[in-house]
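**Q** Provided herewith: target_35.txt, compact mmCIF, C-alpha atoms.
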# COMPACT_ATOMS: atom_id res chain seq x y z
CA MET A 1289 -15.60 -9.48 0.06
CA SER A 1290 -17.36 -8.35 3.18
CA VAL A 1291 -17.73 -4.93 4.74
CA LEU A 1292 -15.32 -4.59 7.64
CA LEU A 1293 -15.72 -0.99 8.72
CA LYS A 1294 -18.87 1.02 8.28
CA CYS A 1295 -19.54 4.64 9.22
CA GLU A 1296 -22.92 6.25 8.93
CA ASN A 1297 -23.31 9.99 9.10
CA LEU A 1298 -20.43 10.20 11.54
CA VAL A 1299 -20.05 13.58 13.24
CA LYS A 1300 -17.53 14.77 15.81
CA GLN A 1301 -17.64 18.22 17.33
CA TYR A 1302 -15.25 19.69 19.84
CA GLY A 1303 -17.35 22.47 21.37
CA ASN A 1304 -18.45 24.49 18.38
CA LEU A 1305 -15.62 23.22 16.19
CA THR A 1306 -16.68 20.51 13.74
CA ALA A 1307 -13.87 18.01 13.18
CA LEU A 1308 -15.86 15.47 11.19
CA ASN A 1309 -18.90 16.53 9.30
CA GLY A 1310 -21.18 13.55 8.65
CA ILE A 1311 -18.95 10.89 7.12
CA ASN A 1312 -20.39 7.88 5.29
CA LEU A 1313 -17.85 5.21 4.54
CA SER A 1314 -17.57 1.48 4.14
CA LEU A 1315 -14.32 -0.45 3.84
CA GLU A 1316 -14.03 -4.01 2.66
CA SER A 1317 -11.55 -6.56 3.91
CA GLY A 1318 -8.41 -7.38 1.96
CA LYS A 1319 -7.38 -3.83 1.11
CA ILE A 1320 -4.55 -1.44 1.84
CA VAL A 1321 -6.20 1.94 2.15
CA GLY A 1322 -4.57 5.36 2.39
CA LEU A 1323 -6.33 7.94 4.55
CA LEU A 1324 -4.95 11.16 3.15
CA GLY A 1325 -5.53 14.72 4.14
CA PRO A 1326 -3.65 17.80 5.27
CA ASN A 1327 -3.00 18.58 8.92
CA GLY A 1328 -6.20 19.25 10.83
CA SER A 1329 -8.47 17.60 8.28
CA GLY A 1330 -9.88 15.06 10.76
CA LYS A 1331 -7.73 11.97 10.13
CA THR A 1332 -6.68 11.35 13.70
CA THR A 1333 -10.14 12.19 15.05
CA PHE A 1334 -11.59 9.56 12.74
CA ILE A 1335 -8.97 6.99 13.75
CA LYS A 1336 -9.51 7.65 17.46
CA MET A 1337 -13.23 7.09 17.05
CA VAL A 1338 -12.65 3.79 15.25
CA ASN A 1339 -10.53 2.72 18.21
CA GLY A 1340 -13.09 3.85 20.78
CA LEU A 1341 -10.84 6.57 22.21
CA LEU A 1342 -13.32 9.26 21.28
CA SER A 1343 -17.06 8.88 21.01
CA PRO A 1344 -19.03 10.27 18.10
CA THR A 1345 -21.21 13.35 18.57
CA ALA A 1346 -23.68 11.79 16.14
CA GLY A 1347 -23.85 8.86 13.76
CA SER A 1348 -22.28 5.43 14.13
CA ILE A 1349 -19.23 3.28 13.45
CA THR A 1350 -19.26 -0.47 13.29
CA ILE A 1351 -16.40 -2.91 12.83
CA ASN A 1352 -17.60 -6.34 11.74
CA GLY A 1353 -21.00 -5.28 13.03
CA ASN A 1354 -19.81 -4.20 16.50
CA HIS A 1355 -19.53 -0.70 17.89
CA PRO A 1356 -16.02 0.18 19.09
CA GLY A 1357 -15.40 -1.54 22.41
CA THR A 1358 -13.80 -4.63 23.93
CA GLU A 1359 -14.94 -6.86 21.08
CA THR A 1360 -13.55 -4.63 18.33
CA LYS A 1361 -10.25 -4.04 20.15
CA LYS A 1362 -9.56 -7.76 19.78
CA GLN A 1363 -9.77 -7.32 16.01
CA VAL A 1364 -8.15 -3.95 15.51
CA ALA A 1365 -4.39 -3.38 15.75
CA TYR A 1366 -3.72 0.31 16.22
CA LEU A 1367 -0.50 2.27 15.83
CA PRO A 1368 -1.10 5.71 17.41
CA ASP A 1369 0.65 8.82 16.15
CA ASN A 1370 2.75 8.99 19.31
CA SER A 1371 4.31 6.35 21.51
CA TYR A 1372 2.33 5.14 24.51
CA LEU A 1373 4.78 2.49 25.74
CA ASN A 1374 6.69 2.77 28.99
CA SER A 1375 10.21 3.79 28.07
CA TRP A 1376 11.77 2.02 31.09
CA MET A 1377 10.62 -1.36 29.75
CA SER A 1378 12.87 -3.57 27.67
CA VAL A 1379 11.79 -4.79 24.26
CA ARG A 1380 11.32 -8.28 25.73
CA GLN A 1381 9.12 -6.97 28.55
CA ILE A 1382 6.95 -5.15 26.05
CA VAL A 1383 6.62 -8.30 23.94
CA GLU A 1384 5.54 -10.21 27.06
CA PHE A 1385 3.11 -7.41 27.87
CA PHE A 1386 1.59 -7.65 24.38
CA THR A 1387 1.45 -11.46 24.60
CA ASP A 1388 -0.57 -11.16 27.82
CA PHE A 1389 -2.75 -8.46 26.42
CA TYR A 1390 -3.68 -9.75 22.97
CA ASP A 1391 -4.72 -13.31 22.13
CA ASP A 1392 -3.68 -12.80 18.52
CA PHE A 1393 -0.13 -11.57 19.23
CA ARG A 1394 2.69 -13.68 17.71
CA PRO A 1395 5.86 -13.14 19.75
CA ASP A 1396 7.98 -15.35 17.44
CA LEU A 1397 7.20 -13.06 14.54
CA ALA A 1398 8.06 -9.96 16.57
CA TYR A 1399 11.40 -11.43 17.73
CA ALA A 1400 12.27 -12.45 14.17
CA MET A 1401 11.73 -8.88 13.00
CA PHE A 1402 13.71 -7.42 15.91
CA SER A 1403 16.67 -9.63 15.12
CA GLN A 1404 16.49 -8.60 11.45
CA LEU A 1405 16.91 -5.02 12.62
CA ASP A 1406 19.64 -5.92 15.13
CA ILE A 1407 17.54 -4.72 18.04
CA PRO A 1408 18.50 -6.89 21.04
CA PRO A 1409 15.42 -7.82 23.12
CA GLU A 1410 17.20 -6.75 26.32
CA ARG A 1411 17.51 -3.15 25.19
CA LYS A 1412 15.35 -0.71 27.11
CA LEU A 1413 13.04 1.36 24.97
CA LYS A 1414 14.51 4.65 26.20
CA THR A 1415 17.95 3.69 24.89
CA LEU A 1416 16.68 3.28 21.32
CA SER A 1417 16.78 6.03 18.74
CA LYS A 1418 13.53 7.71 17.75
CA GLY A 1419 13.46 5.85 14.44
CA ASN A 1420 14.11 2.47 16.07
CA LYS A 1421 11.45 3.18 18.69
CA GLU A 1422 8.94 3.81 15.92
CA LYS A 1423 9.97 0.60 14.19
CA VAL A 1424 9.48 -1.34 17.45
CA CYS A 1425 5.96 0.08 17.74
CA LEU A 1426 5.17 -0.86 14.15
CA ILE A 1427 6.54 -4.38 14.61
CA LEU A 1428 4.39 -4.87 17.70
CA VAL A 1429 1.28 -3.77 15.84
CA MET A 1430 2.04 -5.82 12.72
CA SER A 1431 2.78 -8.94 14.81
CA ARG A 1432 -0.86 -9.19 15.70
CA ASN A 1433 -3.20 -11.34 13.69
CA ALA A 1434 -5.81 -8.62 13.43
CA LYS A 1435 -8.68 -8.01 11.03
CA LEU A 1436 -8.04 -4.31 10.78
CA TYR A 1437 -4.71 -2.53 11.13
CA ILE A 1438 -4.80 1.21 11.63
CA LEU A 1439 -1.49 2.98 11.27
CA ASP A 1440 -1.51 6.68 12.13
CA GLU A 1441 1.47 8.36 10.43
CA PRO A 1442 3.75 5.29 10.43
CA ILE A 1443 6.46 6.93 8.32
CA ALA A 1444 6.44 10.50 9.54
CA GLY A 1445 9.47 10.29 11.82
CA VAL A 1446 11.79 7.92 9.99
CA ASP A 1447 14.47 8.41 7.32
CA PRO A 1448 13.85 7.33 3.70
CA ALA A 1449 15.68 4.01 4.12
CA ALA A 1450 13.60 3.21 7.17
CA ARG A 1451 10.48 4.15 5.19
CA ASP A 1452 11.33 1.34 2.80
CA TYR A 1453 11.62 -0.95 5.79
CA VAL A 1454 8.22 0.15 7.08
CA ILE A 1455 6.67 -0.37 3.66
CA SER A 1456 8.16 -3.83 3.22
CA THR A 1457 7.03 -4.77 6.74
CA ILE A 1458 3.49 -3.80 5.79
CA ILE A 1459 3.65 -5.80 2.53
CA ASN A 1460 5.30 -8.76 4.24
CA ASN A 1461 2.68 -9.04 6.95
CA TYR A 1462 -0.20 -8.29 4.66
CA ASN A 1463 -2.89 -10.88 4.93
CA PRO A 1464 -5.63 -11.04 2.30
CA ASP A 1465 -8.36 -11.27 4.94
CA ALA A 1466 -7.28 -8.13 6.74
CA THR A 1467 -7.45 -4.47 5.85
CA VAL A 1468 -4.71 -1.95 6.55
CA VAL A 1469 -5.57 1.74 6.87
CA ILE A 1470 -2.57 4.05 6.67
CA SER A 1471 -3.00 7.70 7.52
CA THR A 1472 -0.30 9.97 6.15
CA HIS A 1473 0.48 13.15 4.30
CA LEU A 1474 3.68 11.64 2.80
CA ILE A 1475 1.83 10.22 -0.16
CA ALA A 1476 4.63 9.82 -2.69
CA ASP A 1477 6.43 7.35 -0.41
CA ILE A 1478 3.47 5.11 0.13
CA GLU A 1479 1.13 5.37 -2.84
CA GLN A 1480 2.50 2.35 -4.69
CA ILE A 1481 1.36 -0.06 -2.01
CA LEU A 1482 -2.18 1.30 -1.75
CA ASP A 1483 -5.31 -0.26 -3.24
CA GLU A 1484 -7.44 2.77 -2.67
CA VAL A 1485 -7.32 6.20 -1.15
CA ILE A 1486 -9.68 8.34 0.85
CA PHE A 1487 -9.10 12.09 0.64
CA ILE A 1488 -10.40 13.94 3.67
CA LYS A 1489 -10.72 17.70 3.81
CA ASN A 1490 -12.21 19.88 6.54
CA GLY A 1491 -13.99 16.89 8.05
CA ASN A 1492 -15.51 15.67 4.77
CA ILE A 1493 -14.56 12.82 2.48
CA VAL A 1494 -13.92 14.44 -0.88
CA LEU A 1495 -12.74 11.36 -2.79
CA LYS A 1496 -12.66 7.59 -2.39
CA GLN A 1497 -11.20 5.75 -5.34
CA THR A 1498 -8.78 2.97 -6.25
CA VAL A 1499 -5.31 4.25 -7.08
CA ASP A 1500 -5.18 2.65 -10.52
CA GLU A 1501 -8.48 4.37 -11.36
CA ILE A 1502 -6.95 7.69 -10.32
CA ARG A 1503 -3.92 7.11 -12.54
CA GLU A 1504 -6.13 6.05 -15.42
CA GLU A 1505 -8.67 8.85 -15.10
CA HIS A 1506 -6.38 11.74 -14.28
CA GLY A 1507 -3.13 10.52 -15.83
CA LYS A 1508 -1.29 11.55 -12.71
CA SER A 1509 0.02 10.06 -9.52
CA VAL A 1510 -1.99 10.15 -6.30
CA ASP A 1511 0.54 12.61 -4.94
CA GLU A 1512 -0.06 15.04 -7.81
CA LEU A 1513 -3.84 14.70 -7.53
CA PHE A 1514 -3.58 15.35 -3.79
CA ARG A 1515 -1.64 18.56 -4.40
CA GLU A 1516 -4.34 19.64 -6.83
CA VAL A 1517 -7.30 18.82 -4.59
CA PHE A 1518 -5.72 20.48 -1.57
CA LYS A 1519 -4.26 23.48 -3.34
CA TRP A 1520 -4.57 26.66 -1.32
CA MET B 909 14.51 -8.51 -11.04
CA GLU B 910 14.34 -4.75 -11.51
CA TRP B 911 11.02 -3.06 -12.03
CA VAL B 912 10.65 0.32 -13.67
CA LEU B 913 7.29 1.79 -12.73
CA ASN B 914 5.74 5.12 -13.59
CA LYS B 915 3.58 6.43 -10.76
CA ASN B 916 1.45 8.49 -13.14
CA LYS B 917 0.05 5.41 -14.83
CA PRO B 918 -1.88 2.42 -13.50
CA ILE B 919 0.58 -0.06 -12.00
CA CYS B 920 -1.21 -3.27 -12.98
CA PRO B 921 -0.71 -2.99 -16.80
CA GLN B 922 2.89 -1.90 -16.27
CA LEU B 923 3.62 -5.09 -14.34
CA CYS B 924 1.96 -7.11 -17.14
CA GLU B 925 4.06 -5.36 -19.79
CA GLN B 926 7.31 -6.01 -17.99
CA LEU B 927 6.50 -9.64 -17.36
CA CYS B 928 5.65 -10.08 -21.06
CA LEU B 929 8.96 -8.47 -21.99
CA ARG B 930 10.88 -10.87 -19.73
CA ILE B 931 9.06 -13.84 -21.21
CA ALA B 932 9.47 -12.57 -24.80
CA ASP B 933 13.22 -12.01 -24.39
CA GLY B 934 13.70 -15.41 -22.79
CA THR B 935 14.62 -14.30 -19.26
CA PHE B 936 11.71 -16.41 -18.03
CA LYS B 937 11.49 -19.84 -19.66
CA PRO B 938 8.37 -21.92 -20.34
CA ASN B 939 7.19 -23.81 -17.23
CA GLU B 940 9.51 -21.76 -15.04
CA ARG B 941 8.08 -20.89 -11.65
CA LEU B 942 7.78 -17.16 -11.04
CA LEU B 943 8.41 -15.42 -7.74
CA SER B 944 5.42 -15.47 -5.42
CA VAL B 945 2.96 -12.59 -5.39
CA ARG B 946 4.39 -11.40 -2.09
CA GLU B 947 7.99 -11.55 -3.34
CA VAL B 948 7.13 -9.58 -6.46
CA ALA B 949 5.20 -7.06 -4.33
CA LEU B 950 8.23 -6.66 -2.08
CA SER B 951 10.77 -6.36 -4.88
CA ALA B 952 8.66 -3.87 -6.84
CA GLY B 953 7.42 -2.09 -3.70
CA VAL B 954 3.80 -2.38 -4.79
CA ASN B 955 0.55 -3.66 -3.39
CA PRO B 956 0.22 -7.49 -3.37
CA ASN B 957 -3.36 -7.24 -4.69
CA THR B 958 -2.05 -5.38 -7.74
CA VAL B 959 0.49 -8.13 -8.44
CA GLN B 960 -2.23 -10.73 -8.02
CA ARG B 961 -4.41 -8.86 -10.53
CA SER B 962 -1.56 -8.69 -13.05
CA PHE B 963 -0.88 -12.42 -12.75
CA GLU B 964 -4.58 -13.18 -13.16
CA GLU B 965 -4.77 -10.93 -16.21
CA LEU B 966 -1.83 -12.76 -17.80
CA GLU B 967 -3.36 -16.09 -16.88
CA HIS B 968 -6.54 -14.98 -18.64
CA GLN B 969 -4.45 -14.23 -21.73
CA GLY B 970 -2.82 -17.66 -21.54
CA ILE B 971 0.64 -16.25 -20.79
CA LEU B 972 0.89 -17.60 -17.24
CA TYR B 973 -0.76 -20.49 -15.47
CA SER B 974 -1.22 -21.16 -11.78
CA VAL B 975 -0.86 -24.36 -9.84
CA ARG B 976 -2.89 -24.51 -6.67
CA GLY B 977 -0.67 -24.45 -3.62
CA SER B 978 2.47 -24.02 -5.68
CA GLY B 979 2.42 -20.70 -7.46
CA TRP B 980 2.60 -19.10 -10.88
CA TYR B 981 4.35 -20.52 -13.93
CA VAL B 982 5.21 -19.32 -17.43
CA SER B 983 3.03 -21.07 -19.99
CA GLU B 984 4.51 -22.87 -22.99
CA ASN B 985 2.73 -20.45 -25.28
CA THR B 986 5.49 -17.86 -25.05
CA HIS B 987 4.45 -16.57 -28.48
CA LEU B 988 1.42 -15.03 -26.71
CA ALA B 989 3.75 -12.95 -24.55
CA THR B 990 5.79 -12.01 -27.61
CA ALA B 991 2.62 -11.01 -29.45
CA ALA B 992 1.41 -8.95 -26.47
CA PHE B 993 4.77 -7.23 -26.29
CA GLU B 994 4.82 -6.51 -30.01
CA ARG B 995 1.31 -5.05 -29.77
CA LEU B 996 2.61 -2.76 -27.05
CA LEU B 997 5.57 -1.67 -29.19
CA ALA B 998 3.24 -0.99 -32.12
CA GLU B 999 0.98 1.11 -29.88
CA LYS B 1000 3.91 3.12 -28.52
CA THR B 1001 5.31 3.70 -32.00
CA GLU B 1002 1.95 4.84 -33.26
CA ALA B 1003 1.56 7.18 -30.30
CA PHE B 1004 5.00 8.62 -31.02
CA PHE B 1005 4.25 9.25 -34.68
CA SER B 1006 0.85 10.79 -34.06
CA GLU B 1007 2.42 13.10 -31.49
CA MET B 1008 5.03 14.15 -34.03
CA GLN B 1009 2.28 14.73 -36.54
CA VAL B 1010 0.50 17.03 -34.10
CA LEU B 1011 3.74 18.98 -33.83
CA GLY B 1012 3.59 19.43 -37.60
CA LEU B 1013 6.47 17.14 -38.60
CA SER B 1014 6.30 15.20 -41.83
CA GLY B 1015 7.21 11.53 -42.07
CA GLU B 1016 10.55 12.48 -43.62
CA ALA B 1017 11.38 14.93 -40.85
CA VAL B 1018 10.56 12.36 -38.18
CA LYS B 1019 12.79 9.83 -39.97
CA LYS B 1020 15.63 12.34 -39.84
CA TYR B 1021 15.17 12.82 -36.09
CA VAL B 1022 15.06 9.09 -35.53
CA GLU B 1023 18.23 8.53 -37.52
CA GLU B 1024 20.06 11.30 -35.67
CA TRP B 1025 18.95 9.88 -32.35
CA ASN B 1026 21.86 8.11 -30.68
CA LEU B 1027 20.96 5.40 -28.25
Take the structure in this file and express it as structure tokens.
**A**
Amino acid sequence: MSVLLKCENLVKQYGNLTALNGINLSLESGKIVGLLGPNGSGKTTFIKMVNGLLSPTAGSITINGNHPGTETKKQVAYLPDNSYLNSWMSVRQIVEFFTDFYDDFRPDLAYAMFSQLDIPPERKLKTLSKGNKEKVCLILVMSRNAKLYILDEPIAGVDPAARDYVISTIINNYNPDATVVISTHLIADIEQILDEVIFIKNGNIVLKQTVDEIREEHGKSVDELFREVFKW
Amino acid sequence: MEWVLNKNKPICPQLCEQLCLRIADGTFKPNERLLSVREVALSAGVNPNTVQRSFEELEHQGILYSVRGSGWYVSENTHLATAAFERLLAEKTEAFFSEMQVLGLSGEAVKKYVEEWNL
């Protein structure tokens, strides 16, 4: 198993506010990892730096040995916490857009998943419900053949039945060579599919452990441990 | 198949236990092909790596065997699964009795509770 993502002493400051406070982390390939922390703990800041949308104040990030940039964007499939797609486009136009944009995009897979959900490719994005829009975004991201998938709050806006859909989509498209990082605060819904979790608090990593170790050591679910660690 | 999983305990041994139960009670027959790792992961809603680990653990114990490119099969040594399941039952029973002992109940008193217990 090789190291896919490596952070060394990663710091991000916004003015005099410290969002990430010297993070050291390495993630191997072939894992489903939960990035868990309360609101404002630094999850999205971290994710944006991995995707090259923010640059670190100090320290470094490498993905397969490269700093975030054109080369890493070919290998990283990113689901942002809010939609960035043009709402006047139809589902088919967006698929074509993605096919042009990413060498590793598999349109057949995306269409198969849309038809499973009864989303006609001719529908314009703005005519879809919020939940369906989020599912379209997830399908687009999971239809790439990436090395690293980063999903920022993939289940926040959808109903419990749709959460099951999201979870089975992640399992179904899981590839043993790739790593999936899921950021969320809805732990109970997602903890069963995780290999390991990273707890992040006030810009620091307070815990990185496999979920079965947590259950063994503490005799409680990840959700319960989270509530304990982040008690206020 | 239905999976009953407790989130407060490691998932991997729970999957092993339930597979052993299904083999011991004859739901899964010797040389029967099991669902793929991905299918089990989907039906139980758990991580595919965890399912893989459970299958490997049972293979190590001689309860399952794998065929390259084909999948996972139930071994002919189903008595191993039965033995593993009986060990589990013995452990659970012992845990129950020692808990009752901690609560200060004598063997006789526990017997009474067990007899009055309607399934």
**Q** Quick one: residues within 12 Å of Cys928 (chain B), all atoms listed in the file, excluding same-chain residues fewer than 6 positions away - as a ChimeraX atom specification?
**A** /B:921-922,934-937,962-963,965-967,969-972,982-983,985-997
**Q** With chain B as the partner and 10 Å as the cut-off, tabulate the residues of chain A that qualify, each row holding the nearest pair of atoms and their distance in Å to one decimal, using only C-alpha atoms, sorted by chain and rising number, as CSV.
**A**
residue,atom,partner,partner_atom,distance
A:Gly1318,CA,B:Asn957,CA,8.4
A:Lys1319,CA,B:Asn957,CA,7.8
A:Ile1320,CA,B:Asn955,CA,7.6
A:Asp1452,CA,B:Gly953,CA,8.3
A:Ile1455,CA,B:Gly953,CA,7.6
A:Ser1456,CA,B:Leu950,CA,6.0
A:Thr1457,CA,B:Leu950,CA,9.1
A:Ile1458,CA,B:Leu950,CA,9.6
A:Ile1459,CA,B:Leu950,CA,6.6
A:Asn1460,CA,B:Arg946,CA,6.9
A:Asn1461,CA,B:Arg946,CA,9.5
A:Tyr1462,CA,B:Pro956,CA,8.1
A:Asn1463,CA,B:Pro956,CA,9.5
A:Pro1464,CA,B:Asn957,CA,8.3
A:Ala1476,CA,B:Lys915,CA,8.8
A:Ile1478,CA,B:Val954,CA,9.0
A:Glu1479,CA,B:Lys915,CA,8.4
A:Gln1480,CA,B:Val954,CA,4.9
A:Ile1481,CA,B:Asn955,CA,3.9
A:Leu1482,CA,B:Asn955,CA,5.9
A:Asp1483,CA,B:Asn955,CA,6.8
A:Val1499,CA,B:Pro918,CA,7.5
A:Asp1500,CA,B:Pro918,CA,4.5
A:Glu1501,CA,B:Pro918,CA,7.2
A:Ile1502,CA,B:Pro918,CA,8.0
A:Arg1503,CA,B:Lys917,CA,4.9
A:Glu1504,CA,B:Pro918,CA,5.9
A:Glu1505,CA,B:Lys917,CA,9.4
A:His1506,CA,B:Asn916,CA,8.6
A:Gly1507,CA,B:Asn916,CA,5.7
A:Lys1508,CA,B:Asn916,CA,4.1
A:Ser1509,CA,B:Asn916,CA,4.2
A:Val1510,CA,B:Asn916,CA,7.8
A:Asp1511,CA,B:Lys915,CA,9.0
A:Glu1512,CA,B:Asn916,CA,8.6
A:Leu1513,CA,B:Asn916,CA,9.9
**Q** Could you give me, as a list in words, the residues that have an atom at most 6 Å away from the point (-17.9, 11.2, 16.1) in the coordinates of the file, using only C-alpha atoms?
**A**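 So the residues meeting the distance criterion are Leu1298, Val1299, Lys1300, Ser1343, Pro1344, Thr1345 and Ala1346 of chain A.
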**Q** Can you pull out the residues contacting Gly1445 (chain A)? Cut-off 9 Å, using all atoms listed in the file, and skip same-chain residues under 4 positions away; I want them as an mmCIF file with C-alpha atoms, in the coordinates of the input.
**A**
data_model
loop_
_atom_site.group_PDB
_atom_site.id
_atom_site.type_symbol
_atom_site.label_atom_id
_atom_site.label_comp_id
_atom_site.auth_asym_id
_atom_site.auth_seq_id
_atom_site.Cartn_x
_atom_site.Cartn_y
_atom_site.Cartn_z
ATOM 1 C CA LYS A 1418 13.530 7.710 17.750
ATOM 2 C CA GLY A 1419 13.460 5.850 14.440
ATOM 3 C CA GLU A 1422 8.940 3.810 15.920
ATOM 4 C CA GLU A 1441 1.470 8.360 10.430
#
**Q** Rounded to one decimal, what separation in Å do you get between CA of Asn1370 (chain A) and CA of Lys1519 (chain A)?
**A**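 Computing it gives 27.8 Å between the two atoms.
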**Q** Just to confirm, what's the straight-line distance from CA of Asp1477 (chain A) to CA of Asp1392 (chain A) in Å (one decimal)?
**A**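 So the answer is 29.4 Å.
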**Q** May I have the residues within 6 Å of Glu1484 (chain A) as a list of chain:residue names, using all atoms listed in the file and disregarding those fewer than 3 positions away in the same chain?
**A**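 These residues fall inside the cut-off: A:Val1321, A:Gln1497, A:Thr1498, A:Val1499.
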**Q** Save region 1355-1369 of chain A to disk from that block, N, CA and C atoms included, as a PDB file, in the first residue's frame.
**A**
ATOM      1  N   HIS A1355       2.639  18.419  -5.974  1.00  0.00           N
ATOM      2  CA  HIS A1355       1.893  19.467  -5.281  1.00  0.00           C
ATOM      3  C   HIS A1355       0.595  19.717  -6.044  1.00  0.00           C
ATOM      4  N   PRO A1356      -0.458  20.176  -5.354  1.00  0.00           N
ATOM      5  CA  PRO A1356      -1.733  20.396  -6.049  1.00  0.00           C
ATOM      6  C   PRO A1356      -1.555  21.285  -7.274  1.00  0.00           C
ATOM      7  N   GLY A1357      -2.075  20.859  -8.387  1.00  0.00           N
ATOM      8  CA  GLY A1357      -1.932  21.578  -9.649  1.00  0.00           C
ATOM      9  C   GLY A1357      -2.554  20.757 -10.756  1.00  0.00           C
ATOM     10  N   THR A1358      -2.189  21.062 -12.005  1.00  0.00           N
ATOM     11  CA  THR A1358      -2.794  20.384 -13.150  1.00  0.00           C
ATOM     12  C   THR A1358      -2.653  18.868 -13.046  1.00  0.00           C
ATOM     13  N   GLU A1359      -1.453  18.430 -12.641  1.00  0.00           N
ATOM     14  CA  GLU A1359      -1.187  16.999 -12.601  1.00  0.00           C
ATOM     15  C   GLU A1359      -2.077  16.298 -11.571  1.00  0.00           C
ATOM     16  N   THR A1360      -2.257  16.925 -10.398  1.00  0.00           N
ATOM     17  CA  THR A1360      -3.051  16.263  -9.365  1.00  0.00           C
ATOM     18  C   THR A1360      -4.542  16.328  -9.696  1.00  0.00           C
ATOM     19  N   LYS A1361      -4.962  17.369 -10.427  1.00  0.00           N
ATOM     20  CA  LYS A1361      -6.396  17.482 -10.743  1.00  0.00           C
ATOM     21  C   LYS A1361      -6.857  16.363 -11.671  1.00  0.00           C
ATOM     22  N   LYS A1362      -5.893  15.786 -12.410  1.00  0.00           N
ATOM     23  CA  LYS A1362      -6.233  14.628 -13.244  1.00  0.00           C
ATOM     24  C   LYS A1362      -6.541  13.403 -12.389  1.00  0.00           C
ATOM     25  N   GLN A1363      -6.012  13.405 -11.165  1.00  0.00           N
ATOM     26  CA  GLN A1363      -6.131  12.201 -10.324  1.00  0.00           C
ATOM     27  C   GLN A1363      -7.137  12.352  -9.197  1.00  0.00           C
ATOM     28  N   VAL A1364      -7.594  13.586  -8.988  1.00  0.00           N
ATOM     29  CA  VAL A1364      -8.476  13.835  -7.851  1.00  0.00           C
ATOM     30  C   VAL A1364      -9.864  14.213  -8.349  1.00  0.00           C
ATOM     31  N   ALA A1365     -10.872  13.474  -7.913  1.00  0.00           N
ATOM     32  CA  ALA A1365     -12.263  13.819  -8.233  1.00  0.00           C
ATOM     33  C   ALA A1365     -12.864  14.481  -6.996  1.00  0.00           C
ATOM     34  N   TYR A1366     -13.366  15.678  -7.181  1.00  0.00           N
ATOM     35  CA  TYR A1366     -13.750  16.512  -6.040  1.00  0.00           C
ATOM     36  C   TYR A1366     -15.221  16.889  -6.115  1.00  0.00           C
ATOM     37  N   LEU A1367     -15.938  16.612  -5.041  1.00  0.00           N
ATOM     38  CA  LEU A1367     -17.332  17.048  -4.918  1.00  0.00           C
ATOM     39  C   LEU A1367     -17.357  18.195  -3.903  1.00  0.00           C
ATOM     40  N   PRO A1368     -17.527  19.440  -4.383  1.00  0.00           N
ATOM     41  CA  PRO A1368     -17.512  20.579  -3.453  1.00  0.00           C
ATOM     42  C   PRO A1368     -18.768  20.602  -2.594  1.00  0.00           C
ATOM     43  N   ASP A1369     -18.758  21.439  -1.563  1.00  0.00           N
ATOM     44  CA  ASP A1369     -19.918  21.465  -0.673  1.00  0.00           C
ATOM     45  C   ASP A1369     -21.079  22.266  -1.269  1.00  0.00           C
TER      46      ASP A1369
END
